[in-house]
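Novice: What follows is data.cif, mmCIF, C-alpha atoms and all ligand atoms.
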data_query
#
loop_
_atom_site.label_atom_id
_atom_site.label_comp_id
_atom_site.auth_asym_id
_atom_site.auth_seq_id
_atom_site.Cartn_x
_atom_site.Cartn_y
_atom_site.Cartn_z
CA MET B 1 6.39 12.96 68.63
CA PHE B 2 4.18 10.15 67.53
CA ARG B 3 0.57 10.09 66.51
CA SER B 4 -1.92 7.48 65.42
CA TRP B 5 -1.16 6.05 61.97
CA ARG B 6 -4.22 7.18 60.14
CA TYR B 7 -3.74 10.63 61.54
CA SER B 8 -3.25 13.53 59.15
CA PRO B 9 -3.25 17.17 60.27
CA ALA B 10 -5.51 18.14 57.36
CA ALA B 11 -8.03 15.45 58.28
CA GLU B 12 -7.99 16.55 61.89
CA LEU B 13 -8.63 20.16 60.96
CA ALA B 14 -11.44 19.11 58.64
CA GLY B 15 -12.95 16.93 61.36
CA THR B 16 -12.84 13.87 59.12
CA TRP B 17 -10.45 11.83 61.29
CA GLY B 18 -11.48 9.80 64.33
CA THR B 19 -15.15 10.56 63.85
CA PRO B 20 -18.06 8.77 65.62
CA ALA B 21 -18.92 7.20 62.23
CA GLU B 22 -15.39 5.77 61.99
CA LEU B 23 -15.70 4.43 65.54
CA ASP B 24 -19.01 2.68 64.79
CA LYS B 25 -17.65 1.26 61.53
CA CYS B 26 -14.62 -0.22 63.32
CA PHE B 27 -16.84 -2.04 65.82
CA ALA B 28 -19.77 -2.84 63.51
CA ARG B 29 -18.92 -6.55 63.39
CA SER B 30 -18.19 -6.90 67.10
CA CYS B 31 -20.38 -8.91 69.44
CA GLU B 32 -23.41 -7.20 70.93
CA PRO B 33 -21.95 -6.40 74.39
CA VAL B 34 -18.99 -4.65 72.74
CA ARG B 35 -21.26 -2.64 70.44
CA ALA B 36 -23.41 -1.71 73.43
CA GLY B 37 -20.27 -0.52 75.24
CA VAL B 38 -19.11 1.50 72.24
CA ALA B 39 -22.50 3.23 72.13
CA LEU B 40 -21.84 4.48 75.67
CA VAL B 41 -18.55 6.18 74.79
CA ASN B 42 -18.74 9.97 74.94
CA ARG B 43 -18.74 11.37 71.42
CA ASP B 44 -18.45 15.06 72.04
CA ARG B 45 -14.62 15.05 72.14
CA ARG B 46 -11.69 13.14 70.83
CA TRP B 47 -8.11 13.01 71.97
CA VAL B 48 -5.27 12.71 69.51
CA MET B 49 -2.77 10.18 70.85
CA TYR B 50 0.64 11.60 71.62
CA ASP B 51 3.84 10.35 73.09
CA ARG B 52 7.31 11.82 73.29
CA GLU B 53 10.88 10.73 72.81
CA PRO B 54 12.26 9.60 76.18
CA LEU B 55 13.92 12.37 78.22
CA ASP B 56 17.30 11.94 79.87
CA ASN B 57 16.49 14.13 82.87
CA TRP B 58 13.31 14.57 84.91
CA THR B 59 14.71 16.64 87.76
CA THR B 60 15.56 20.24 88.53
CA GLY B 61 16.77 20.73 92.08
CA ARG B 62 13.98 19.70 94.45
CA ILE B 63 11.43 19.20 91.66
CA THR B 64 11.06 15.96 89.72
CA LEU B 65 8.54 14.44 87.34
CA LEU B 66 6.54 11.23 87.55
CA GLY B 67 4.02 9.42 85.36
CA ASP B 68 2.78 10.86 82.06
CA ALA B 69 4.56 14.15 82.73
CA ALA B 70 7.87 12.27 82.73
CA HIS B 71 7.27 9.62 80.08
CA PRO B 72 4.11 9.97 77.95
CA MET B 73 3.60 6.84 75.90
CA VAL B 74 1.14 5.47 73.37
CA GLN B 75 -1.32 2.92 74.66
CA TYR B 76 -0.28 -0.30 72.99
CA LEU B 77 1.22 -1.90 76.08
CA ALA B 78 -1.38 -0.42 78.48
CA GLN B 79 1.49 0.79 80.65
CA GLY B 80 0.93 4.50 81.34
CA ALA B 81 -0.58 4.05 84.80
CA CYS B 82 1.52 0.95 85.54
CA GLN B 83 4.71 2.91 84.97
CA ALA B 84 3.40 5.83 87.03
CA ILE B 85 2.80 3.41 89.92
CA GLU B 86 6.27 1.95 89.51
CA ASP B 87 7.66 5.51 89.57
CA ALA B 88 5.84 6.17 92.85
CA ASP B 89 7.15 2.95 94.36
CA CYS B 90 10.70 3.79 93.35
CA LEU B 91 10.44 7.38 94.55
CA ALA B 92 9.17 6.26 97.96
CA ARG B 93 11.99 3.73 98.29
CA GLN B 94 14.68 6.22 97.32
CA LEU B 95 13.33 8.96 99.61
CA LYS B 96 13.45 6.48 102.47
CA ALA B 97 16.90 5.16 101.55
CA CYS B 98 18.39 8.66 101.19
CA ASP B 99 17.06 9.69 104.58
CA GLY B 100 15.86 13.19 103.72
CA ASP B 101 18.47 14.05 101.07
CA ILE B 102 15.96 14.90 98.37
CA VAL B 103 18.45 15.79 95.65
CA LYS B 104 20.24 12.46 96.11
CA ALA B 105 16.93 10.57 96.21
CA PHE B 106 15.70 12.21 93.00
CA SER B 107 18.96 11.40 91.28
CA ALA B 108 18.76 7.72 92.31
CA TYR B 109 15.06 7.66 91.38
CA GLN B 110 15.56 8.84 87.83
CA ALA B 111 18.68 6.72 87.35
CA GLU B 112 16.53 3.67 88.08
CA ARG B 113 13.39 4.73 86.26
CA ILE B 114 14.47 6.49 83.05
CA PRO B 115 15.99 3.43 81.32
CA ARG B 116 12.94 1.26 82.03
CA THR B 117 10.30 3.82 81.08
CA ALA B 118 12.23 4.74 77.94
CA MET B 119 12.16 1.09 76.93
CA VAL B 120 8.40 0.93 77.53
CA GLN B 121 7.82 4.14 75.55
CA ARG B 122 9.77 2.78 72.59
CA ALA B 123 8.27 -0.70 72.79
CA ALA B 124 4.73 0.73 72.88
CA ARG B 125 5.45 2.55 69.62
CA THR B 126 6.85 -0.57 68.04
CA TRP B 127 3.86 -2.70 69.04
CA GLY B 128 1.47 -0.08 67.68
CA LYS B 129 3.32 0.04 64.39
CA ILE B 130 3.22 -3.75 64.08
CA TRP B 131 -0.52 -3.91 64.85
CA HIS B 132 -1.54 -1.11 62.50
CA ASP B 133 0.87 -1.66 59.63
CA ASN B 134 -0.91 -1.62 56.28
CA GLY B 135 1.34 -4.19 54.71
CA PRO B 136 1.86 -6.24 52.83
CA VAL B 137 4.83 -7.81 54.63
CA ILE B 138 4.48 -6.91 58.31
CA PRO B 139 0.81 -7.95 58.70
CA LEU B 140 1.58 -11.26 57.03
CA LEU B 141 4.46 -12.01 59.39
CA ARG B 142 2.60 -10.64 62.41
CA ASP B 143 -0.47 -12.78 61.81
CA ARG B 144 1.63 -15.84 61.11
CA ILE B 145 3.63 -15.45 64.30
CA LEU B 146 0.69 -14.54 66.53
CA THR B 147 -1.61 -17.32 65.34
CA ARG B 148 1.09 -19.90 66.07
CA ARG B 149 1.78 -18.76 69.61
CA GLU B 150 0.61 -20.62 72.66
CA ARG B 151 -1.95 -18.63 74.63
CA ASP B 152 0.30 -18.50 77.67
CA ASP B 153 3.45 -17.57 75.77
CA TYR B 154 4.59 -14.20 77.09
CA THR B 155 8.15 -14.49 75.84
CA ASP B 156 8.18 -11.09 74.17
CA LEU B 157 6.93 -9.37 77.31
CA ASP B 158 9.03 -11.12 79.93
CA TRP B 159 11.32 -8.10 80.11
CA LEU B 160 8.31 -6.02 81.15
CA TYR B 161 6.47 -8.31 83.56
CA GLN B 162 9.17 -10.41 85.15
CA ALA B 163 9.88 -9.75 88.84
CA ARG B 164 12.38 -6.98 89.50
CA PRO B 165 14.32 -7.48 92.71
CA GLU B 166 14.70 -3.72 93.27
CA ALA B 167 10.92 -3.09 93.28
CA SER B 168 8.89 -3.47 96.45
C1 LIG E 201 -8.69 5.62 77.68
C2 LIG E 201 -7.43 5.34 78.45
C3 LIG E 201 -7.12 4.04 78.80
C4 LIG E 201 -5.97 3.76 79.53
N1 LIG E 201 -5.69 2.47 79.86
C5 LIG E 201 -4.61 2.19 80.60
C6 LIG E 201 -4.32 0.85 80.99
O1 LIG E 201 -5.04 -0.10 80.70
N2 LIG E 201 -3.21 0.62 81.74
C7 LIG E 201 -2.37 1.63 82.10
O2 LIG E 201 -1.39 1.37 82.79
N3 LIG E 201 -2.60 2.91 81.72
C8 LIG E 201 -3.69 3.22 80.98
N4 LIG E 201 -3.95 4.52 80.59
C9 LIG E 201 -2.97 5.56 80.87
C10 LIG E 201 -3.12 6.13 82.29
O3 LIG E 201 -4.43 6.59 82.51
C11 LIG E 201 -2.13 7.30 82.46
O4 LIG E 201 -0.86 6.91 82.02
C12 LIG E 201 -2.07 7.68 83.93
O5 LIG E 201 -3.32 8.15 84.37
C13 LIG E 201 -1.01 8.74 84.15
O6 LIG E 201 -1.06 9.12 85.49
P1 LIG E 201 -0.49 10.50 85.92
O7 LIG E 201 -0.73 10.60 87.40
O8 LIG E 201 0.91 10.64 85.44
O9 LIG E 201 -1.30 11.60 85.13
P2 LIG E 201 -2.87 11.92 85.20
O10 LIG E 201 -3.65 10.70 85.57
O11 LIG E 201 -3.17 12.63 83.93
O12 LIG E 201 -2.97 12.90 86.43
C14 LIG E 201 -2.58 14.26 86.31
C15 LIG E 201 -3.50 15.05 87.21
O13 LIG E 201 -3.02 16.40 87.29
C16 LIG E 201 -4.11 17.27 87.17
N5 LIG E 201 -3.59 18.55 86.70
C17 LIG E 201 -3.19 18.90 85.46
N6 LIG E 201 -2.77 20.16 85.43
C18 LIG E 201 -2.90 20.63 86.68
C19 LIG E 201 -2.62 21.88 87.30
N7 LIG E 201 -2.11 22.90 86.61
N8 LIG E 201 -2.89 22.04 88.60
C20 LIG E 201 -3.39 21.00 89.33
N9 LIG E 201 -3.67 19.78 88.82
C21 LIG E 201 -3.42 19.62 87.50
C22 LIG E 201 -5.04 16.58 86.20
O14 LIG E 201 -6.35 17.07 86.33
C23 LIG E 201 -4.93 15.13 86.65
O15 LIG E 201 -5.84 14.82 87.68
C24 LIG E 201 -5.10 4.81 79.89
C25 LIG E 201 -5.41 6.14 79.53
C26 LIG E 201 -6.55 6.39 78.82
C27 LIG E 201 -6.88 7.84 78.46
#
Now that the file is in, can you turn its structure into structure tokens?
Ligand SMILES: Cc1cc2nc3c(=O)[nH]c(=O)nc-3n(C[C@H](O)[C@H](O)[C@H](O)COP(=O)(O)OP(=O)(O)OC[C@H]3O[C@@H](n4cnc5c(N)ncnc54)[C@H](O)[C@@H]3O)c2cc1C
Specialist:
Amino acid sequence: MFRSWRYSPAAELAGTWGTPAELDKCFARSCEPVRAGVALVNRDRRWVMYDREPLDNWTTGRITLLGDAAHPMVQYLAQGACQAIEDADCLARQLKACDGDIVKAFSAYQAERIPRTAMVQRAARTWGKIWHDNGPVIPLLRDRILTRRERDDYTDLDWLYQARPEAS
């Protein structure tokens, strides 16, 4: 299980982690519209960010999982809902293709979806670690690489966004 990098159980229990003061400090130098937006964020709760190691089975008989229940991931690729939608697309296709054989459809569904969602779960962790690393080496390399990239260079995300013939 993975949590945010500055997270510590003791700090969470003491209420000193992820506080409204920390939020305001992080955005203090942002432009005015961003600060105005941050001021609108509810402050009465906070959610610790969790993911899980990918599972190798989502199905028991005529019950299967989809979305966050199947593959919870951290937010660094903004893919939680995207992958849930892809799951739904795949499930609909397989149910149609298997013509009412639900067990067969679920099996084909998870065979198609588990490898991809596992890759997204792992990549989201990796991206988060790169962005939040406290250095000194990784931030130096990260900033050097990112500042030299063309704005429309999506090389590292082609595997995620390129067209997939199997998807509708
Ligand atoms: C702040 C934030 C920003 C996000 N940004 C993005 C983004 O930019 N791009 C992206 O792709 N994803 C994003 N996500 C992730 C995305 O919201 C989730 O991955 C997605 O909603 C998962 O969909 P889901 O249907 O699997 O689960 P959920 O949306 O959590 O739906 C589960 C539903 O089940 C209900 N439920 C739970 N228990 C029961 C029960 N016992 N009985 C009946 N109903 C129950 C819940 O109330 C809920 O309505 C973001 C998430 C957050 C919190």
Novice: Please find the residues contacting ligand LIG 201 (chain E) at a distance of at most 8 Å between atoms, with only C-alpha atoms and all ligand atoms counted, and report them as JSON, numbers by chain.
Specialist: {"B": [66, 67, 68, 69, 70, 72, 73, 75, 77, 78, 79, 80, 81, 82, 83, 84]}
Novice: Selection from above, C-alpha atoms, as a PDB file, in the coordinates of the input, can you write it?
Specialist:
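Writing the result to selection-v4.pdb gives the following:
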ATOM      1  CA  LEU B  66       6.540  11.230  87.550  1.00  0.00           C
ATOM      2  CA  GLY B  67       4.020   9.420  85.360  1.00  0.00           C
ATOM      3  CA  ASP B  68       2.780  10.860  82.060  1.00  0.00           C
ATOM      4  CA  ALA B  69       4.560  14.150  82.730  1.00  0.00           C
ATOM      5  CA  ALA B  70       7.870  12.270  82.730  1.00  0.00           C
ATOM      6  CA  PRO B  72       4.110   9.970  77.950  1.00  0.00           C
ATOM      7  CA  MET B  73       3.600   6.840  75.900  1.00  0.00           C
ATOM      8  CA  GLN B  75      -1.320   2.920  74.660  1.00  0.00           C
ATOM      9  CA  LEU B  77       1.220  -1.900  76.080  1.00  0.00           C
ATOM     10  CA  ALA B  78      -1.380  -0.420  78.480  1.00  0.00           C
ATOM     11  CA  GLN B  79       1.490   0.790  80.650  1.00  0.00           C
ATOM     12  CA  GLY B  80       0.930   4.500  81.340  1.00  0.00           C
ATOM     13  CA  ALA B  81      -0.580   4.050  84.800  1.00  0.00           C
ATOM     14  CA  CYS B  82       1.520   0.950  85.540  1.00  0.00           C
ATOM     15  CA  GLN B  83       4.710   2.910  84.970  1.00  0.00           C
ATOM     16  CA  ALA B  84       3.400   5.830  87.030  1.00  0.00           C
TER      17      ALA B  84
END
Novice: Could you tell me how far CA of Arg151 in chain B lies from CA of Arg35 in chain B, in Å and to one decimal?
Specialist: 25.4 Å
Novice: Box for range 144-155 of chain B - axis-aligned, 5 Å on each of the six sides, all listed atoms - centre and size in Å to one decimal, as JSON.
Specialist:
{"center_x": 3.1, "center_y": -17.4, "center_z": 69.4, "size_x": 20.1, "size_y": 16.4, "size_z": 26.6}
Novice: Considering all atoms listed in the file, return as a compact mmCIF listing (two decimals) with C-alpha atoms, in the coordinates of the input whatever protein or nucleic-acid residues lie within 12 Å of Leu65 in chain B, sequence-local ones (same chain, fewer than 2 positions apart) excluded.
Specialist:
# COMPACT_ATOMS: atom_id res chain seq x y z
CA LEU B 55 13.92 12.37 78.22
CA ASP B 56 17.30 11.94 79.87
CA ASN B 57 16.49 14.13 82.87
CA TRP B 58 13.31 14.57 84.91
CA THR B 59 14.71 16.64 87.76
CA THR B 60 15.56 20.24 88.53
CA GLY B 61 16.77 20.73 92.08
CA ARG B 62 13.98 19.70 94.45
CA ILE B 63 11.43 19.20 91.66
CA GLY B 67 4.02 9.42 85.36
CA ASP B 68 2.78 10.86 82.06
CA ALA B 69 4.56 14.15 82.73
CA ALA B 70 7.87 12.27 82.73
CA HIS B 71 7.27 9.62 80.08
CA PRO B 72 4.11 9.97 77.95
CA ALA B 84 3.40 5.83 87.03
CA ASP B 87 7.66 5.51 89.57
CA ALA B 88 5.84 6.17 92.85
CA LEU B 91 10.44 7.38 94.55
CA PHE B 106 15.70 12.21 93.00
CA SER B 107 18.96 11.40 91.28
CA TYR B 109 15.06 7.66 91.38
CA GLN B 110 15.56 8.84 87.83
CA ARG B 113 13.39 4.73 86.26
CA ILE B 114 14.47 6.49 83.05
Novice: Pick the closest to Asp156 in chain B from B:Ser168, B:Ala123, B:Ala118, B:Leu40: which is it, counting all atoms listed in the file?
Specialist: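 Counting all atoms listed in the file, the residue closest to Asp156 in chain B is B:Ala123.
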Novice: Tell me which protein, DNA and RNA residues are within 12 Å of Ala39 in chain B, counting all atoms listed in the file, leaving out same-chain ones fewer than 5 positions away, and put them as a list in words.
Specialist: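 Returned residues: Pro20, Ala21, Leu23, Asp24, Lys25, Phe27, Ala28, Glu32, Pro33 and Val34 of chain B.
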Novice: I need the residue nearest Trp131 in chain B from this list: B:Ala97, B:Gly18, B:Tyr76, B:Val103. Use only C-alpha atoms for the distance.
Specialist: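 With only C-alpha atoms as the atom set, the closest residue is B:Tyr76.
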Novice: Of the candidates B:Arg144, B:Gln94, B:Trp17, B:Gly100, which one gets nearest to Trp47 in chain B if we count only C-alpha atoms?
Specialist: B:Trp17
Novice: Any idea what the distance is between CA of Arg46 in chain B and CA of Thr117 in chain B?
Specialist: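 Distance reported for this atom pair: 26.0 Å.
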Novice: Could you work out how far CA of Thr155 in chain B lies from CA of Pro115 in chain B, giving the answer in Å with one decimal?
Specialist: 20.3 Å
Novice: Using only C-alpha atoms, which of B:Leu146, B:Cys90, B:Val74, B:Val137 sits nearest Met49 in chain B?
Specialist: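 Distance minimum relative to Met49 in chain B lands on B:Val74.
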